[in-house]
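What follows is the content of data-v2.json (JSON, C-alpha atoms).
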```
[["chain", "number", "residue", "atom", "x", "y", "z"],
["A", 14, "MET", "CA", 0.00, 0.00, 0.00],
["A", 15, "SER", "CA", 1.33, 3.46, -0.86],
["A", 16, "SER", "CA", 2.71, 5.70, 1.84],
["A", 17, "PRO", "CA", 0.29, 8.35, 3.16],
["A", 18, "ASN", "CA", 1.45, 11.94, 3.16],
["A", 19, "ILE", "CA", 2.44, 12.10, 6.84],
["A", 20, "SER", "CA", 5.26, 13.96, 8.54],
["A", 21, "TYR", "CA", 6.81, 11.49, 10.98],
["A", 22, "PRO", "CA", 8.78, 12.62, 14.05],
["A", 23, "TYR", "CA", 11.58, 10.31, 12.93],
["A", 24, "MET", "CA", 12.32, 8.18, 9.88],
["A", 25, "PRO", "CA", 15.68, 6.73, 8.75],
["A", 26, "GLU", "CA", 16.80, 8.10, 5.39],
["A", 27, "ASP", "CA", 16.82, 4.70, 3.73],
["A", 28, "ARG", "CA", 13.61, 3.35, 5.30],
["A", 29, "HIS", "CA", 9.88, 3.94, 5.21],
["A", 30, "LEU", "CA", 6.83, 2.40, 6.84],
["A", 31, "LYS", "CA", 4.58, -0.01, 5.01],
["A", 32, "TYR", "CA", 0.83, -0.23, 5.49],
["A", 33, "VAL", "CA", -1.83, -2.94, 5.64],
["A", 34, "PRO", "CA", -5.52, -2.88, 6.58],
["A", 35, "HIS", "CA", -6.52, -3.14, 10.21],
["A", 36, "ASP", "CA", -7.92, -6.64, 9.68],
["A", 37, "HIS", "CA", -4.80, -8.02, 7.97],
["A", 38, "MET", "CA", -3.91, -11.44, 9.42],
["A", 39, "PHE", "CA", -0.50, -10.46, 10.76],
["A", 40, "MET", "CA", -1.71, -7.07, 11.99],
["A", 41, "GLN", "CA", -4.35, -8.92, 13.98],
["A", 42, "ALA", "CA", -1.54, -11.02, 15.45],
["A", 43, "ALA", "CA", 0.12, -7.76, 16.53],
["A", 44, "ALA", "CA", -3.20, -6.59, 17.97],
["A", 45, "GLN", "CA", -3.40, -9.78, 20.01],
["A", 46, "ALA", "CA", 0.17, -9.20, 21.20],
["A", 47, "ARG", "CA", -0.87, -5.73, 22.28],
["A", 48, "LYS", "CA", -3.70, -7.21, 24.29],
["A", 49, "GLU", "CA", -1.64, -9.96, 25.93],
["A", 50, "CYS", "CA", 1.91, -8.58, 26.15],
["A", 51, "ALA", "CA", 1.80, -4.78, 26.52],
["A", 52, "GLY", "CA", 2.65, -3.66, 30.02],
["A", 53, "ASP", "CA", 1.84, -0.01, 29.40],
["A", 54, "PRO", "CA", -1.85, 0.55, 30.23],
["A", 55, "LEU", "CA", -1.71, 4.13, 29.00],
["A", 56, "PHE", "CA", -0.44, 3.64, 25.44],
["A", 57, "PRO", "CA", -0.27, -0.13, 24.78],
["A", 58, "VAL", "CA", 1.60, -1.33, 21.69],
["A", 59, "GLY", "CA", 1.99, -4.87, 20.36],
["A", 60, "ALA", "CA", 4.36, -6.26, 17.76],
["A", 61, "ALA", "CA", 4.62, -9.49, 15.80],
["A", 62, "LEU", "CA", 7.72, -10.78, 14.01],
["A", 63, "VAL", "CA", 6.80, -12.59, 10.78],
["A", 64, "LYS", "CA", 9.07, -14.78, 8.66],
["A", 65, "ASP", "CA", 8.20, -17.21, 5.90],
["A", 66, "GLY", "CA", 4.50, -16.57, 6.47],
["A", 67, "GLU", "CA", 4.53, -17.37, 10.19],
["A", 68, "VAL", "CA", 4.53, -15.36, 13.42],
["A", 69, "ILE", "CA", 7.78, -16.36, 15.11],
["A", 70, "ALA", "CA", 7.89, -13.88, 18.03],
["A", 71, "ARG", "CA", 5.62, -11.39, 19.81],
["A", 72, "SER", "CA", 6.12, -8.52, 22.23],
["A", 73, "GLY", "CA", 4.51, -5.52, 23.88],
["A", 74, "ASN", "CA", 5.79, -2.21, 25.08],
["A", 75, "GLY", "CA", 6.18, -1.60, 28.80],
["A", 76, "TYR", "CA", 8.82, -4.34, 28.80],
["A", 77, "SER", "CA", 6.26, -6.96, 27.72],
["A", 78, "ARG", "CA", 5.02, -7.17, 31.31],
["A", 79, "GLY", "CA", 1.46, -7.85, 30.23],
["A", 80, "PRO", "CA", -1.78, -6.20, 31.35],
["A", 81, "GLY", "CA", -3.27, -5.81, 34.82],
["A", 82, "GLN", "CA", -0.61, -3.70, 36.51],
["A", 83, "ILE", "CA", -1.34, -0.24, 37.87],
["A", 84, "HIS", "CA", 0.95, 2.38, 36.40],
["A", 85, "VAL", "CA", 0.55, 6.12, 36.78],
["A", 86, "CYS", "CA", 2.67, 7.98, 34.24],
["A", 87, "PRO", "CA", 4.27, 11.21, 35.53],
["A", 88, "ARG", "CA", 4.26, 12.57, 31.98],
["A", 89, "VAL", "CA", 0.46, 12.56, 31.99],
["A", 90, "VAL", "CA", 0.23, 13.85, 35.56],
["A", 91, "GLN", "CA", 2.48, 16.78, 34.69],
["A", 92, "GLU", "CA", 0.88, 17.24, 31.26],
["A", 93, "CYS", "CA", 4.11, 16.94, 29.28],
["A", 94, "PRO", "CA", 3.81, 17.69, 25.55],
["A", 95, "SER", "CA", 4.07, 14.72, 23.18],
["A", 96, "GLY", "CA", 7.64, 13.51, 22.76],
["A", 97, "THR", "CA", 8.91, 15.13, 25.97],
["A", 98, "GLY", "CA", 9.45, 14.08, 29.56],
["A", 99, "TYR", "CA", 10.49, 10.49, 28.85],
["A", 100, "ASP", "CA", 13.12, 10.80, 31.59],
["A", 101, "LEU", "CA", 10.29, 11.01, 34.12],
["A", 102, "CYS", "CA", 8.94, 7.52, 33.47],
["A", 103, "ASP", "CA", 11.07, 4.36, 33.43],
["A", 104, "LEU", "CA", 8.22, 2.31, 31.91],
["A", 105, "HIS", "CA", 8.47, 4.38, 28.74],
["A", 106, "ASN", "CA", 12.23, 4.11, 28.31],
["A", 107, "SER", "CA", 13.13, 3.11, 24.76],
["A", 108, "PRO", "CA", 14.59, -0.33, 25.72],
["A", 109, "GLY", "CA", 11.08, -1.27, 26.85],
["A", 110, "HIS", "CA", 9.36, -0.29, 23.60],
["A", 111, "ALA", "CA", 7.69, -3.04, 21.60],
["A", 112, "GLU", "CA", 10.32, -3.14, 18.84],
["A", 113, "PRO", "CA", 13.43, -3.70, 21.02],
["A", 114, "MET", "CA", 11.44, -6.13, 23.14],
["A", 115, "LEU", "CA", 10.56, -8.03, 19.96],
["A", 116, "MET", "CA", 14.24, -8.34, 19.05],
["A", 117, "LYS", "CA", 14.93, -9.51, 22.60],
["A", 118, "ALA", "CA", 12.14, -12.08, 22.41],
["A", 119, "ALA", "CA", 13.61, -13.42, 19.16],
["A", 120, "ALA", "CA", 17.12, -13.56, 20.63],
["A", 121, "ASP", "CA", 15.89, -15.29, 23.79],
["A", 122, "ALA", "CA", 14.18, -17.92, 21.63],
["A", 123, "GLY", "CA", 17.22, -18.39, 19.42],
["A", 124, "ILE", "CA", 15.39, -16.96, 16.38],
["A", 125, "ASP", "CA", 17.24, -15.08, 13.63],
["A", 126, "PRO", "CA", 15.14, -12.02, 12.64],
["A", 127, "THR", "CA", 17.16, -11.37, 9.49],
["A", 128, "GLY", "CA", 14.80, -10.83, 6.57],
["A", 129, "ALA", "CA", 11.69, -10.92, 8.75],
["A", 130, "ASP", "CA", 8.95, -8.28, 8.83],
["A", 131, "VAL", "CA", 7.51, -6.56, 11.88],
["A", 132, "TYR", "CA", 3.83, -5.74, 12.26],
["A", 133, "MET", "CA", 3.12, -3.10, 14.92],
["A", 134, "TYR", "CA", -0.32, -2.39, 16.36],
["A", 135, "GLY", "CA", -0.93, 0.52, 18.72],
["A", 136, "HIS", "CA", 1.33, 3.25, 17.33],
["A", 137, "TRP", "CA", 1.81, 5.15, 14.09],
["A", 138, "TRP", "CA", 5.58, 5.66, 14.00],
["A", 139, "ALA", "CA", 8.82, 4.31, 15.48],
["A", 140, "CYS", "CA", 11.41, 6.33, 17.36],
["A", 141, "GLU", "CA", 15.12, 6.34, 16.45],
["A", 142, "PRO", "CA", 16.22, 3.70, 19.04],
["A", 143, "CYS", "CA", 13.41, 1.41, 17.89],
["A", 144, "TRP", "CA", 14.34, 1.73, 14.23],
["A", 145, "LYS", "CA", 17.96, 1.04, 15.16],
["A", 146, "SER", "CA", 17.01, -2.14, 17.00],
["A", 147, "LEU", "CA", 15.11, -3.38, 13.94],
["A", 148, "ILE", "CA", 17.82, -2.44, 11.46],
["A", 149, "ASP", "CA", 20.55, -3.95, 13.62],
["A", 150, "GLY", "CA", 18.44, -7.13, 13.84],
["A", 151, "GLY", "CA", 18.22, -7.38, 10.06],
["A", 152, "VAL", "CA", 14.47, -6.76, 9.87],
["A", 153, "ARG", "CA", 13.23, -6.09, 6.36],
["A", 154, "ASP", "CA", 10.08, -3.97, 6.74],
["A", 155, "LEU", "CA", 7.97, -2.39, 9.49],
["A", 156, "TYR", "CA", 4.20, -2.42, 8.94],
["A", 157, "VAL", "CA", 1.49, -0.34, 10.63],
["A", 158, "THR", "CA", -2.21, -0.05, 9.89],
["A", 159, "GLU", "CA", -3.13, 2.14, 6.96],
["A", 160, "ASP", "CA", -5.00, 4.49, 9.33],
["A", 161, "ALA", "CA", -2.49, 4.28, 12.19],
["A", 162, "HIS", "CA", -1.84, 8.03, 12.29],
["A", 163, "GLU", "CA", -5.53, 8.53, 13.10],
["A", 164, "ARG", "CA", -6.43, 5.32, 14.94],
["A", 165, "PHE", "CA", -3.44, 5.60, 17.27],
["A", 166, "SER", "CA", -3.11, 9.35, 17.64],
["A", 167, "ARG", "CA", -2.44, 10.40, 21.20],
["A", 168, "GLU", "CA", -5.90, 11.92, 21.51],
["A", 169, "ASN", "CA", -7.71, 8.81, 20.29],
["A", 170, "VAL", "CA", -5.70, 6.41, 22.44],
["A", 171, "PHE", "CA", -6.02, 8.56, 25.56],
["A", 172, "ALA", "CA", -9.77, 8.86, 25.00],
["A", 173, "GLN", "CA", -9.90, 5.12, 25.61],
["A", 174, "THR", "CA", -7.21, 4.65, 28.25],
["A", 175, "LEU", "CA", -7.53, 7.83, 30.33],
["A", 176, "THR", "CA", -10.87, 6.81, 31.77],
["A", 177, "PRO", "CA", -10.96, 6.27, 35.56],
["A", 178, "THR", "CA", -12.26, 2.92, 36.75],
["A", 179, "VAL", "CA", -12.26, 3.77, 40.46],
["A", 180, "LYS", "CA", -15.71, 4.34, 41.91],
["A", 181, "SER", "CA", -14.86, 5.37, 45.47],
["A", 182, "ALA", "CA", -12.05, 7.11, 47.36],
["A", 183, "TYR", "CA", -11.07, 7.74, 50.96],
["A", 184, "ILE", "CA", -9.27, 10.98, 51.81],
["A", 185, "ALA", "CA", -6.80, 10.49, 54.66],
["A", 186, "GLY", "CA", -4.69, 13.15, 56.35],
["A", 187, "ALA", "CA", -3.58, 14.76, 59.58],
["A", 188, "LEU", "CA", -6.22, 16.55, 61.67],
["A", 189, "THR", "CA", -5.39, 16.25, 65.37],
["A", 190, "ASN", "CA", -2.16, 18.26, 65.52],
["A", 191, "VAL", "CA", -2.20, 20.49, 62.45],
["A", 192, "GLU", "CA", -1.67, 24.20, 63.03],
["A", 193, "ASP", "CA", -4.18, 25.42, 60.44],
["A", 194, "PHE", "CA", -7.07, 23.03, 61.00],
["A", 195, "ASP", "CA", -9.56, 24.93, 58.82],
["A", 196, "GLY", "CA", -7.05, 25.30, 55.98],
["A", 197, "GLN", "CA", -6.20, 21.63, 56.07],
["A", 198, "CYS", "CA", -9.87, 20.70, 56.00],
["A", 199, "ARG", "CA", -10.40, 22.93, 52.98],
["A", 200, "LEU", "CA", -7.56, 21.12, 51.23],
["A", 201, "TYR", "CA", -9.12, 17.72, 51.91],
["A", 202, "GLU", "CA", -12.46, 19.00, 50.67],
["A", 203, "SER", "CA", -10.85, 20.32, 47.49],
["A", 204, "LEU", "CA", -9.25, 16.92, 46.86],
["A", 205, "GLY", "CA", -12.63, 15.35, 47.48],
["A", 206, "GLU", "CA", -14.29, 17.69, 45.01],
["A", 207, "VAL", "CA", -11.83, 16.56, 42.32],
["A", 208, "CYS", "CA", -12.89, 12.97, 42.93],
["A", 209, "GLU", "CA", -16.59, 13.74, 43.00],
["A", 210, "THR", "CA", -16.53, 15.79, 39.78],
["A", 211, "MET", "CA", -15.12, 12.64, 38.15],
["A", 212, "GLY", "CA", -17.97, 10.54, 39.46],
["A", 213, "VAL", "CA", -15.96, 9.02, 42.33],
["A", 214, "ARG", "CA", -17.85, 8.65, 45.60],
["A", 215, "THR", "CA", -15.63, 10.14, 48.30],
["A", 216, "CYS", "CA", -15.35, 9.81, 52.07],
["A", 217, "ILE", "CA", -13.66, 12.69, 53.92],
["A", 218, "PRO", "CA", -13.47, 11.93, 57.68],
["A", 219, "HIS", "CA", -13.96, 15.43, 59.09],
["A", 220, "ARG", "CA", -16.84, 16.02, 56.69],
["A", 221, "ASP", "CA", -18.52, 12.68, 57.05],
["A", 222, "HIS", "CA", -18.27, 10.78, 60.31],
["A", 223, "THR", "CA", -15.00, 9.86, 62.00],
["A", 224, "PHE", "CA", -13.71, 13.21, 63.18],
["A", 225, "ASN", "CA", -17.15, 14.34, 64.28],
["A", 226, "GLU", "CA", -17.41, 11.26, 66.50],
["A", 227, "ILE", "CA", -14.03, 12.01, 68.08],
["A", 228, "MET", "CA", -14.96, 15.62, 68.78],
["A", 229, "GLU", "CA", -18.22, 14.50, 70.35],
["A", 230, "GLY", "CA", -16.55, 11.90, 72.57],
["A", 231, "GLY", "CA", -17.45, 8.94, 70.38],
["A", 232, "ASN", "CA", -16.21, 5.42, 70.85],
["A", 233, "VAL", "CA", -12.55, 5.43, 69.76],
["A", 234, "HIS", "CA", -12.65, 1.71, 69.00],
["A", 235, "GLU", "CA", -15.54, 2.30, 66.65],
["A", 236, "VAL", "CA", -13.60, 5.12, 65.00],
["A", 237, "PHE", "CA", -10.71, 2.72, 64.39],
["A", 238, "GLU", "CA", -13.00, 0.13, 62.84],
["A", 239, "VAL", "CA", -14.72, 2.72, 60.65],
["A", 240, "ASP", "CA", -11.42, 4.04, 59.29],
["A", 241, "VAL", "CA", -10.03, 0.57, 58.61],
["A", 242, "ASN", "CA", -13.24, -0.36, 56.81],
["A", 243, "GLU", "CA", -12.99, 2.78, 54.68],
["A", 244, "CYS", "CA", -9.48, 1.71, 53.63],
["A", 245, "ARG", "CA", -10.78, -1.75, 52.84],
["A", 246, "HIS", "CA", -13.95, -0.91, 50.95],
["A", 247, "ASN", "CA", -12.86, 2.08, 48.85],
["A", 248, "ASP", "CA", -11.06, 1.67, 45.54],
["A", 249, "VAL", "CA", -8.23, 4.07, 46.43],
["A", 250, "VAL", "CA", -6.87, 5.85, 49.50],
["A", 251, "ILE", "CA", -5.65, 9.40, 48.87],
["A", 252, "ALA", "CA", -3.40, 10.38, 51.76],
["A", 253, "GLU", "CA", -2.14, 13.92, 52.37],
["A", 254, "VAL", "CA", 1.16, 13.33, 54.17],
["A", 255, "SER", "CA", 2.74, 16.78, 54.51],
["A", 256, "TYR", "CA", 2.30, 16.58, 58.30],
["A", 257, "PRO", "CA", 3.18, 13.65, 60.60],
["A", 258, "SER", "CA", 0.10, 11.73, 61.69],
["A", 259, "LEU", "CA", -0.16, 8.45, 63.57],
["A", 260, "GLY", "CA", -3.68, 7.98, 62.26],
["A", 261, "THR", "CA", -2.71, 8.49, 58.62],
["A", 262, "GLY", "CA", 0.22, 6.14, 59.04],
["A", 263, "GLY", "CA", -2.12, 3.50, 60.40],
["A", 264, "GLU", "CA", -4.51, 4.01, 57.52],
["A", 265, "LEU", "CA", -1.66, 3.53, 55.04],
["A", 266, "VAL", "CA", -0.86, 0.19, 56.65],
["A", 267, "ALA", "CA", -4.53, -0.77, 56.64],
["A", 268, "ALA", "CA", -4.77, 0.09, 52.94],
["A", 269, "HIS", "CA", -1.72, -2.03, 52.15],
["A", 270, "ASN", "CA", -3.04, -4.97, 54.15],
["A", 271, "CYS", "CA", -6.32, -4.74, 52.24],
["A", 272, "GLY", "CA", -4.64, -4.46, 48.83],
["A", 273, "THR", "CA", -6.00, -0.94, 48.27],
["A", 274, "PRO", "CA", -3.84, 1.33, 46.07],
["A", 275, "VAL", "CA", -2.60, 4.53, 47.70],
["A", 276, "VAL", "CA", -1.93, 7.98, 46.24],
["A", 277, "LEU", "CA", 0.28, 10.15, 48.44],
["A", 278, "VAL", "CA", -0.13, 13.93, 48.31],
["A", 279, "SER", "CA", 2.31, 16.38, 49.91],
["A", 280, "LYS", "CA", 3.55, 19.94, 49.66],
["A", 281, "LYS", "CA", 6.78, 20.37, 47.73],
["A", 282, "GLY", "CA", 9.62, 20.42, 50.26],
["A", 283, "ALA", "CA", 7.68, 18.58, 52.96],
["A", 284, "ARG", "CA", 9.65, 15.93, 54.84],
["A", 285, "VAL", "CA", 7.53, 12.87, 54.18],
["A", 286, "SER", "CA", 8.15, 9.76, 56.25],
["A", 287, "ARG", "CA", 10.24, 7.15, 54.46],
["A", 288, "PHE", "CA", 7.86, 4.58, 55.92],
["A", 289, "ALA", "CA", 5.01, 6.16, 53.98],
["A", 290, "LEU", "CA", 7.06, 6.55, 50.81],
["A", 291, "GLY", "CA", 8.14, 2.92, 51.00],
["A", 292, "ASN", "CA", 4.62, 1.51, 51.24],
["A", 293, "PRO", "CA", 4.36, -0.99, 48.33],
["A", 294, "SER", "CA", 0.74, 0.01, 47.75],
["A", 295, "VAL", "CA", 1.70, 3.59, 46.82],
["A", 296, "VAL", "CA", 1.04, 3.99, 43.09],
["A", 297, "TYR", "CA", 1.94, 7.69, 42.87],
["A", 298, "HIS", "CA", 3.22, 10.58, 44.97],
["A", 299, "VAL", "CA", 1.80, 14.00, 44.07],
["A", 300, "GLN", "CA", 4.05, 16.86, 45.16],
["A", 301, "TYR", "CA", 2.26, 20.17, 44.81],
["A", 302, "ASP", "CA", 2.88, 23.92, 45.00],
["A", 303, "GLY", "CA", -0.64, 24.89, 46.06],
["A", 304, "VAL", "CA", -4.20, 23.61, 46.28],
["A", 305, "GLU", "CA", -4.91, 24.24, 42.60],
["A", 306, "ASP", "CA", -1.77, 22.36, 41.57],
["A", 307, "ALA", "CA", -2.63, 19.48, 43.93],
["A", 308, "CYS", "CA", -6.09, 19.19, 42.42],
["A", 309, "ARG", "CA", -4.83, 19.34, 38.83],
["A", 310, "GLN", "CA", -2.29, 16.59, 39.42],
["A", 311, "LEU", "CA", -4.70, 14.42, 41.37],
["A", 312, "LYS", "CA", -7.21, 14.61, 38.54],
["A", 313, "ASN", "CA", -4.54, 13.38, 36.11],
["A", 314, "VAL", "CA", -3.65, 10.54, 38.50],
["A", 315, "LEU", "CA", -7.25, 9.40, 38.87],
["A", 316, "LYS", "CA", -7.64, 9.28, 35.09],
["A", 317, "GLN", "CA", -5.06, 6.50, 35.06],
["A", 318, "LEU", "CA", -6.48, 4.33, 37.86]]
```
Would you mind writing the file out in C-alpha cells?
Amino acid sequence: MSSPNISYPYMPEDRHLKYVPHDHMFMQAAAQARKECAGDPLFPVGAALVKDGEVIARSGNGYSRGPGQIHVCPRVVQECPSGTGYDLCDLHNSPGHAEPMLMKAAADAGIDPTGADVYMYGHWWACEPCWKSLIDGGVRDLYVTEDAHERFSRENVFAQTLTPTVKSAYIAGALTNVEDFDGQCRLYESLGEVCETMGVRTCIPHRDHTFNEIMEGGNVHEVFEVDVNECRHNDVVIAEVSYPSLGTGGELVAAHNCGTPVVLVSKKGARVSRFALGNPSVVYHVQYDGVEDACRQLKNVLKQL
C-alpha cells in the first residue's frame, strides 16, 4: 500500500513504513500481542515478528510485562507535551518499547530475525532507538495499519485509556495536631471535590463521620473500625502526608493490608516519612505547590487508575 502523506517525528533516510488494513492477518496477530503482552496501560503497543508466512515472536511495550498492573505515568500527571518528559517515566524508556522487546524475544528464543517483517499495532511511528534495533536485527520492513496516524493518535488512544475505573475514594490526612485546621480541612475538601466531579464517591473523615465522632466523645474503637473499613472498601486511598500523623500512618498500613492502592499527596519540600514513601501500595506521589496544583495533578492521576 502506498505511503500516506504524513510527517513522521523520525524516519531513517533509507527506510519507510509499510501499510496494511486493520484486519490483515498479521496485523491482527500484533493486535493480540498488544492485548496480551503490553505492560503499558496508557499507550499499549503490540508487535509481531513474521518470517516465511509465520509469526515467530511477539512482544509488547512496557517491557512486555502484560496487562493488569497499575501504572501512573508522571508525563500525563504533569501534562508533558508529546515527545517530551520520557526521563520522568522508566516504563516508557526506549529499551522497553515493543520493537526492542521483539528483538529480545527473538534472541531469547534463538530466532534469527534477518529478513523478517515486523507488524506493529498501537502506534503510528517508530522512534530512532526502535528503528535502530530493527535495522541492527536485520528486519526487512515495518508495517502499521493504513490508518495508524488517526487510529493511534495520542488523543484517540487517551480517549480510551484515560478513563478512571475507580468508583470510590477515601481521603486520609492529619487533623489532630495540624496548626491550620480549617485550611487543612479545605484542602481535603478540594481533593474530594476533584474525585466527586469525576464521578468518584468520596469519604472525607472530618466532613462525614469519623472526626465528628471524636470531637463528640465517640467510641474510639468504633472510629478505628470505621477508618479501617474505609481503607478496605474504597477503591483508592488518597493520603495527604505533609504533616506527621499516627492515624494516617495506620490508615496507610490498613490500605496495604487490604490491597488498596494509595496515592500520596504532599507539599513540595515537605519531609515525608520514608515509611510512607516505601509503602508498596503507593502507586503515585503527588508533590504540589498549592491547592490548585494538587487538584490538577490528582485529577490526572485518577484518570489512570
So, with only C-alpha atoms as the atoms that count, which of A:Glu202, A:Glu235, A:Gly128, A:Cys86 lies closest to A:Val296?
A:Cys86
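Shortest atom-to-atom contact with A:Gly79 among A:Leu155, A:Ala46, A:Val207, A:Leu200: A:Ala46, counting all atoms listed in the file.
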Distance of atom CA of A:Glu49 from atom CA of A:Tyr76, expressed in Å to one decimal place:
12.2 Å
Counting only C-alpha atoms, which residue out of A:Ala43, A:Val63, A:Asp121, A:Ala139 sits closest to A:Met24?
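Comparing A:Ala43, A:Val63, A:Asp121, A:Ala139 against A:Met24, the winner is A:Ala139.
Between A:Thr174 and the candidates A:Lys64, A:Lys316, A:Lys31, A:Arg88, the tightest atom-to-atom separation, counting all atoms listed in the file, involves A:Lys316.
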Coordinates of box centre and edge lengths for stretch 253-259 of chain A, 4 Å on every side, axis-aligned, as AutoDock Vina command-line options:
```
--center_x 0.5 --center_y 12.6 --center_z 58.0 --size_x 13.3 --size_y 16.3 --size_z 19.2
```
Residue nearest A:Cys198 among A:Ala172, A:Ala185, A:Ala60, A:Val241 (counting only C-alpha atoms)
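Of A:Ala172, A:Ala185, A:Ala60, A:Val241, the one nearest A:Cys198, counting only C-alpha atoms, is A:Ala185.
Nearest residue to A:Gln91 among A:Ala161, A:Val299, A:Ala44, A:Val239 is A:Val299, counting all atoms listed in the file.
Point (14.9, -8.6, 20.3) has the following residues at most 10 Å away: Leu62, Ala70, Arg71, Ser72, Pro108, Ala111, Glu112, Pro113, Met114, Leu115, Met116, Lys117, Ala118, Ala119, Ala120, Asp121, Ala122, Ile124, Asp125, Pro126, Ser146, Leu147, Asp149 and Gly150 of chain A (atoms considered: all atoms listed in the file).
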Listing only residues of stretch 224-271 of chain A within 9 Å of stretch 179-184 of chain A, what is the closest atom pair and its distance in Å (to one decimal) for each, using all atoms listed in the file, sorted by chain and residue number ascending, as CSV?
```
residue,atom,partner,partner_atom,distance
A:Glu243,CA,A:Tyr183,CA,6.5
A:Cys244,CA,A:Tyr183,CA,6.8
A:His246,CA,A:Ser181,CA,8.4
A:Asn247,CA,A:Ser181,CA,5.1
A:Asp248,CA,A:Ser181,CA,5.3
A:Val249,CA,A:Ala182,CA,5.0
A:Val250,CA,A:Tyr183,CA,4.8
A:Ile251,CA,A:Ile184,CA,4.9
A:Ala252,CA,A:Ile184,CA,5.9
A:Glu253,CA,A:Ile184,CA,7.7
```
Go ahead and dump the residues you just picked, C-alpha atoms, as a PDB file, keeping the file's coordinate frame.
```
ATOM      1  CA  GLU A 243     -12.990   2.780  54.680  1.00  0.00           C
ATOM      2  CA  CYS A 244      -9.480   1.710  53.630  1.00  0.00           C
ATOM      3  CA  HIS A 246     -13.950  -0.910  50.950  1.00  0.00           C
ATOM      4  CA  ASN A 247     -12.860   2.080  48.850  1.00  0.00           C
ATOM      5  CA  ASP A 248     -11.060   1.670  45.540  1.00  0.00           C
ATOM      6  CA  VAL A 249      -8.230   4.070  46.430  1.00  0.00           C
ATOM      7  CA  VAL A 250      -6.870   5.850  49.500  1.00  0.00           C
ATOM      8  CA  ILE A 251      -5.650   9.400  48.870  1.00  0.00           C
ATOM      9  CA  ALA A 252      -3.400  10.380  51.760  1.00  0.00           C
ATOM     10  CA  GLU A 253      -2.140  13.920  52.370  1.00  0.00           C
TER      11      GLU A 253
END
```
